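Undergrad: Following this line is final04.cif, made up of mmCIF, C-alpha atoms:
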```cif
data_final
loop_
_atom_site.label_atom_id
_atom_site.label_comp_id
_atom_site.auth_asym_id
_atom_site.auth_seq_id
_atom_site.Cartn_x
_atom_site.Cartn_y
_atom_site.Cartn_z
CA MET A 601 0.00 0.00 0.00
CA MET A 602 1.46 3.29 -0.99
CA LEU A 603 0.79 6.92 -0.43
CA GLU A 604 1.73 9.26 -3.26
CA THR A 605 2.95 12.73 -2.46
CA THR A 606 5.20 15.41 -3.80
CA ASP A 607 8.77 15.55 -2.56
CA PRO A 608 8.79 17.77 0.56
CA THR A 609 12.48 18.59 0.05
CA GLU A 610 11.74 20.39 -3.22
CA PRO A 611 10.96 24.10 -3.04
CA ASP A 612 7.22 24.71 -2.66
CA GLY A 613 6.69 20.93 -2.60
CA ASP A 614 7.30 20.79 -6.35
CA ALA A 615 8.83 17.47 -7.32
CA GLY A 616 9.16 18.52 -10.93
CA GLY A 617 6.41 16.17 -12.05
CA ARG A 618 7.95 13.23 -10.21
CA VAL A 619 5.95 11.24 -7.72
CA VAL A 620 7.67 10.20 -4.55
CA VAL A 621 6.27 7.10 -2.89
CA VAL A 622 6.13 7.17 0.88
CA VAL A 623 5.38 3.88 2.58
CA HIS A 624 4.98 3.33 6.31
CA GLY A 625 7.99 1.11 6.98
CA THR A 626 6.39 -1.14 9.55
CA PHE A 627 3.34 -1.70 7.36
CA ALA A 628 5.54 -2.35 4.33
CA ASP A 629 7.45 -5.02 6.25
CA PHE A 630 4.21 -6.59 7.46
CA TYR A 631 2.74 -6.52 3.95
CA ALA A 632 5.84 -8.08 2.38
CA ARG A 633 5.88 -10.82 5.01
CA GLU A 634 2.16 -11.71 4.82
CA ILE A 635 0.87 -10.97 1.30
CA ARG A 636 1.70 -14.31 -0.28
CA SER A 637 0.08 -16.32 2.47
CA VAL A 638 -3.04 -14.14 2.64
CA VAL A 639 -3.53 -14.26 -1.14
CA GLY A 640 -3.16 -18.05 -0.93
CA LEU A 641 -5.75 -18.22 1.83
CA ALA A 642 -8.12 -16.07 -0.21
CA PHE A 643 -7.54 -18.33 -3.23
CA VAL A 644 -8.36 -21.55 -1.42
CA LEU A 645 -11.51 -19.92 -0.04
CA SER A 646 -12.67 -18.31 -3.29
CA GLY A 647 -11.24 -20.52 -6.05
CA SER A 648 -10.40 -17.47 -8.11
CA ARG A 649 -6.92 -16.04 -8.58
CA SER A 650 -8.12 -12.54 -9.40
CA GLY A 651 -10.77 -12.73 -6.69
CA ALA A 652 -8.10 -13.80 -4.20
CA GLU A 653 -5.94 -10.82 -5.09
CA ASP A 654 -8.93 -8.51 -4.65
CA LEU A 655 -9.86 -10.02 -1.28
CA ALA A 656 -6.29 -9.74 -0.01
CA ALA A 657 -5.91 -6.20 -1.33
CA ASP A 658 -9.11 -5.17 0.45
CA ALA A 659 -7.92 -6.71 3.72
CA PHE A 660 -4.51 -5.06 3.52
CA LEU A 661 -6.06 -1.73 2.53
CA SER A 662 -8.26 -1.90 5.59
CA ALA A 663 -5.20 -2.64 7.73
CA TYR A 664 -3.30 0.24 6.16
CA ARG A 665 -6.15 2.70 6.69
CA HIS A 666 -6.33 1.77 10.37
CA TRP A 667 -2.64 1.00 10.87
CA ASP A 668 -2.30 3.19 13.97
CA ARG A 669 -4.85 0.97 15.75
CA VAL A 670 -4.24 -2.35 13.97
CA SER A 671 -0.47 -2.33 14.42
CA SER A 672 -0.93 -2.43 18.20
CA TYR A 673 -2.79 -5.76 18.06
CA ASP A 674 -1.01 -8.84 19.38
CA ASN A 675 -1.41 -10.64 16.06
CA VAL A 676 -1.91 -8.32 13.10
CA GLY A 677 -1.65 -11.27 10.70
CA ALA A 678 -4.64 -12.91 12.38
CA TRP A 679 -6.61 -9.68 12.03
CA VAL A 680 -5.89 -9.47 8.29
CA ARG A 681 -6.80 -13.13 7.85
CA ARG A 682 -10.09 -12.59 9.72
CA VAL A 683 -10.88 -9.65 7.42
CA THR A 684 -10.03 -11.85 4.41
CA VAL A 685 -12.28 -14.67 5.64
CA ASN A 686 -15.14 -12.27 6.39
CA ARG A 687 -14.87 -10.57 3.01
CA SER A 688 -14.76 -13.97 1.33
CA ILE A 689 -18.06 -14.82 3.02
CA SER A 690 -19.57 -11.51 1.96
CA THR A 691 -18.39 -11.97 -1.62
CA SER A 692 -19.80 -15.50 -1.78
CA ARG A 693 -23.14 -14.36 -0.41
CA ARG A 694 -23.30 -11.46 -2.85
CA ARG A 695 -22.45 -13.69 -5.82
CA LEU A 696 -25.03 -16.26 -4.79
CA ALA A 697 -27.69 -13.58 -4.39
CA GLU A 698 -26.79 -12.10 -7.78
CA ALA A 699 -26.90 -15.54 -9.44
CA LYS A 700 -30.29 -16.31 -7.89
CA ALA A 701 -31.66 -12.94 -8.99
CA HIS A 702 -30.31 -13.42 -12.49
CA LEU A 703 -31.84 -16.88 -12.75
CA ARG A 704 -35.18 -15.66 -11.42
CA LEU A 705 -35.20 -13.03 -14.13
CA ARG A 706 -34.35 -15.64 -16.76
CA GLY A 707 -36.70 -18.22 -15.27
CA GLU A 708 -34.01 -20.90 -15.31
CA ARG A 709 -32.83 -23.31 -12.69
CA CYS A 710 -29.52 -22.50 -10.94
CA VAL A 711 -26.51 -24.58 -11.92
CA VAL A 712 -23.29 -23.55 -10.21
CA PRO A 713 -20.44 -23.77 -12.74
CA GLU A 714 -17.27 -25.69 -11.92
CA MET A 715 -14.16 -23.72 -11.06
CA SER A 716 -11.42 -23.27 -13.63
CA ALA A 717 -9.29 -26.28 -14.53
CA ASP A 718 -6.14 -24.99 -12.82
CA ASN A 719 -7.71 -25.18 -9.34
CA GLU A 720 -6.50 -28.10 -7.35
CA HIS A 721 -8.91 -30.99 -6.86
CA LEU A 722 -8.53 -30.90 -3.09
CA TRP A 723 -9.41 -27.23 -2.73
CA THR A 724 -12.45 -27.75 -4.94
CA LYS A 725 -13.59 -30.37 -2.44
CA VAL A 726 -12.76 -28.10 0.49
CA ARG A 727 -14.89 -25.32 -0.97
CA GLN A 728 -17.79 -27.78 -1.07
CA LEU A 729 -17.64 -28.30 2.68
CA PRO A 730 -19.82 -26.28 5.04
CA ARG A 731 -18.51 -22.72 5.37
CA ARG A 732 -16.80 -23.03 8.76
CA GLN A 733 -15.28 -26.41 7.88
CA ALA A 734 -13.84 -24.91 4.69
CA GLN A 735 -12.49 -21.91 6.58
CA VAL A 736 -10.76 -23.88 9.34
CA THR A 737 -9.39 -26.35 6.79
CA ALA A 738 -7.96 -23.54 4.66
CA LEU A 739 -6.46 -21.76 7.65
CA HIS A 740 -4.97 -24.99 9.04
CA TYR A 741 -3.66 -26.65 5.89
CA TRP A 742 -2.98 -23.68 3.64
CA ASP A 743 -1.75 -21.21 6.20
CA GLY A 744 -0.32 -23.76 8.63
CA LEU A 745 -2.07 -22.22 11.61
CA ASN A 746 -2.70 -24.15 14.79
CA VAL A 747 -6.08 -24.56 16.47
CA ARG A 748 -5.56 -21.64 18.86
CA GLU A 749 -4.60 -19.26 16.05
CA ILE A 750 -7.61 -20.33 13.98
CA ALA A 751 -9.88 -19.87 16.99
CA ASP A 752 -8.55 -16.33 17.41
CA ILE A 753 -9.02 -15.45 13.75
CA LEU A 754 -12.55 -16.82 13.45
CA GLU A 755 -13.53 -15.86 16.99
CA LEU A 756 -14.44 -19.44 17.90
CA THR A 757 -13.49 -21.67 20.79
CA GLU A 758 -10.63 -24.10 20.28
CA ALA A 759 -13.05 -27.01 20.79
CA THR A 760 -15.27 -25.69 17.99
CA VAL A 761 -12.28 -25.40 15.65
CA LYS A 762 -11.24 -28.98 16.47
CA THR A 763 -14.78 -30.18 15.77
CA HIS A 764 -14.90 -28.40 12.40
CA LEU A 765 -11.47 -29.80 11.43
CA GLN A 766 -12.50 -33.33 12.39
CA ARG A 767 -15.77 -33.12 10.46
CA ALA A 768 -13.97 -31.66 7.43
CA ARG A 769 -11.43 -34.48 7.47
CA GLN A 770 -14.20 -37.06 7.67
CA ALA A 771 -16.16 -35.44 4.84
CA LEU A 772 -13.07 -35.18 2.62
CA ALA A 773 -12.12 -38.79 3.32
CA ALA A 774 -15.64 -39.89 2.43
CA THR A 775 -15.57 -37.99 -0.88
CA GLU A 776 -12.13 -39.40 -1.74
CA ALA A 777 -13.37 -42.92 -1.03
CA LYS A 778 -16.20 -42.36 -3.51
CA ASP A 779 -13.87 -40.99 -6.22
#
```
In structure tokens, write the structure found in this file.
TA:
Amino acid sequence: MMLETTDPTEPDGDAGGRVVVVVHGTFADFYAREIRSVVGLAFVLSGSRSGAEDLAADAFLSAYRHWDRVSSYDNVGAWVRRVTVNRSISTSRRRLAEAKAHLRLRGERCVVPEMSADNEHLWTKVRQLPRRQAQVTALHYWDGLNVREIADILELTEATVKTHLQRARQALAATEAKD
């Protein structure tokens, strides 16, 4: 995330048409450290590369806008992941509502299209799990977070996270046995 400004060392703030980029150092370090993982999390939740980039960008933009407050949190990465998960939910709900409205207007029955061919088979199956099971699975296996960290991000108890992980594993094993 960058803030564009004129060069303050130039007389009258005139940078001669140049743009000087000023980035909050601590945020820049945080962003560089976390962006790849957060985009990956958004991808396994959404199934869309461009959608994942948008979700992650929104989450980091929110962090940047509120950096004075957010940077004081014990786990800023967890906060950004929670924003990513929440925005993923909102995006999915909005897309589903739009699809239903479109189909009502056309008078056709809803058929959800398959994701693009370059999505991994496993993550396609994960996205078919109930919402919380998919979220805890993505956070645990994609992001490598432990149960406590996932509980903090999703604001659940550790026991609830363990239950969702166990049910997700069982559901995935059952679908693999059928395939």
Undergrad: Between CA of Val639 (chain A) and CA of Glu653 (chain A), what is the distance, to one decimal in Å?
TA: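 Distance reported for this atom pair: 5.8 Å.
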Undergrad: Apply the PyMOL selection byres ((chain A and resi 684) around 10) to the displayed file and report the matching residues as a PyMOL selection string.
TA: chain A and resi 638-639+641-642+645+652+654-660+678-683+685-690
Undergrad: Can you tell me which residues surround region 726-741 of chain A at a distance of at most 12 Å, considering all atoms listed in the file, apart from same-chain residues fewer than 6 positions away, and format the answer as a PyMOL selection string?
TA: chain A and resi 637-648+677-678+681-682+684-686+688-690+692-693+712+714-715+719-720+747-758+760-776
Undergrad: Can you tell me how far CA of Trp723 (chain A) sits from CA of Glu634 (chain A), in Å to one decimal?
TA: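 Going from CA of Trp723 (chain A) over to CA of Glu634 (chain A) covers 20.8 Å.
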Undergrad: Output the residue selection produced by the PyMOL selection byres ((chain A and resi 664-671) around 10) on the file above, formatted as a list in words.
TA: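 Selected by the PyMOL selection byres ((chain A and resi 664-671) around 10) in this file: Met601, Met602, His624, Thr626, Phe627, Ala628, Phe630, Tyr631, Asp658, Ala659, Phe660, Leu661, Ser662, Ala663, Ser672, Tyr673, Asp674, Asn675, Val676, Gly677, Trp679 and Val680 of chain A.
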Undergrad: Just write region 624-694 of chain A with C-alpha atoms, as a CSV table (one decimal), in the first residue's frame, taken from the block above.
TA:
```csv
chain,number,residue,atom,x,y,z
A,624,HIS,CA,5.0,3.3,6.3
A,625,GLY,CA,8.0,1.1,7.0
A,626,THR,CA,6.4,-1.1,9.6
A,627,PHE,CA,3.3,-1.7,7.4
A,628,ALA,CA,5.5,-2.4,4.3
A,629,ASP,CA,7.4,-5.0,6.3
A,630,PHE,CA,4.2,-6.6,7.5
A,631,TYR,CA,2.7,-6.5,4.0
A,632,ALA,CA,5.8,-8.1,2.4
A,633,ARG,CA,5.9,-10.8,5.0
A,634,GLU,CA,2.2,-11.7,4.8
A,635,ILE,CA,0.9,-11.0,1.3
A,636,ARG,CA,1.7,-14.3,-0.3
A,637,SER,CA,0.1,-16.3,2.5
A,638,VAL,CA,-3.0,-14.1,2.6
A,639,VAL,CA,-3.5,-14.3,-1.1
A,640,GLY,CA,-3.2,-18.0,-0.9
A,641,LEU,CA,-5.8,-18.2,1.8
A,642,ALA,CA,-8.1,-16.1,-0.2
A,643,PHE,CA,-7.5,-18.3,-3.2
A,644,VAL,CA,-8.4,-21.6,-1.4
A,645,LEU,CA,-11.5,-19.9,0.0
A,646,SER,CA,-12.7,-18.3,-3.3
A,647,GLY,CA,-11.2,-20.5,-6.1
A,648,SER,CA,-10.4,-17.5,-8.1
A,649,ARG,CA,-6.9,-16.0,-8.6
A,650,SER,CA,-8.1,-12.5,-9.4
A,651,GLY,CA,-10.8,-12.7,-6.7
A,652,ALA,CA,-8.1,-13.8,-4.2
A,653,GLU,CA,-5.9,-10.8,-5.1
A,654,ASP,CA,-8.9,-8.5,-4.7
A,655,LEU,CA,-9.9,-10.0,-1.3
A,656,ALA,CA,-6.3,-9.7,0.0
A,657,ALA,CA,-5.9,-6.2,-1.3
A,658,ASP,CA,-9.1,-5.2,0.5
A,659,ALA,CA,-7.9,-6.7,3.7
A,660,PHE,CA,-4.5,-5.1,3.5
A,661,LEU,CA,-6.1,-1.7,2.5
A,662,SER,CA,-8.3,-1.9,5.6
A,663,ALA,CA,-5.2,-2.6,7.7
A,664,TYR,CA,-3.3,0.2,6.2
A,665,ARG,CA,-6.2,2.7,6.7
A,666,HIS,CA,-6.3,1.8,10.4
A,667,TRP,CA,-2.6,1.0,10.9
A,668,ASP,CA,-2.3,3.2,14.0
A,669,ARG,CA,-4.9,1.0,15.7
A,670,VAL,CA,-4.2,-2.4,14.0
A,671,SER,CA,-0.5,-2.3,14.4
A,672,SER,CA,-0.9,-2.4,18.2
A,673,TYR,CA,-2.8,-5.8,18.1
A,674,ASP,CA,-1.0,-8.8,19.4
A,675,ASN,CA,-1.4,-10.6,16.1
A,676,VAL,CA,-1.9,-8.3,13.1
A,677,GLY,CA,-1.7,-11.3,10.7
A,678,ALA,CA,-4.6,-12.9,12.4
A,679,TRP,CA,-6.6,-9.7,12.0
A,680,VAL,CA,-5.9,-9.5,8.3
A,681,ARG,CA,-6.8,-13.1,7.8
A,682,ARG,CA,-10.1,-12.6,9.7
A,683,VAL,CA,-10.9,-9.6,7.4
A,684,THR,CA,-10.0,-11.8,4.4
A,685,VAL,CA,-12.3,-14.7,5.6
A,686,ASN,CA,-15.1,-12.3,6.4
A,687,ARG,CA,-14.9,-10.6,3.0
A,688,SER,CA,-14.8,-14.0,1.3
A,689,ILE,CA,-18.1,-14.8,3.0
A,690,SER,CA,-19.6,-11.5,2.0
A,691,THR,CA,-18.4,-12.0,-1.6
A,692,SER,CA,-19.8,-15.5,-1.8
A,693,ARG,CA,-23.1,-14.4,-0.4
A,694,ARG,CA,-23.3,-11.5,-2.8
```
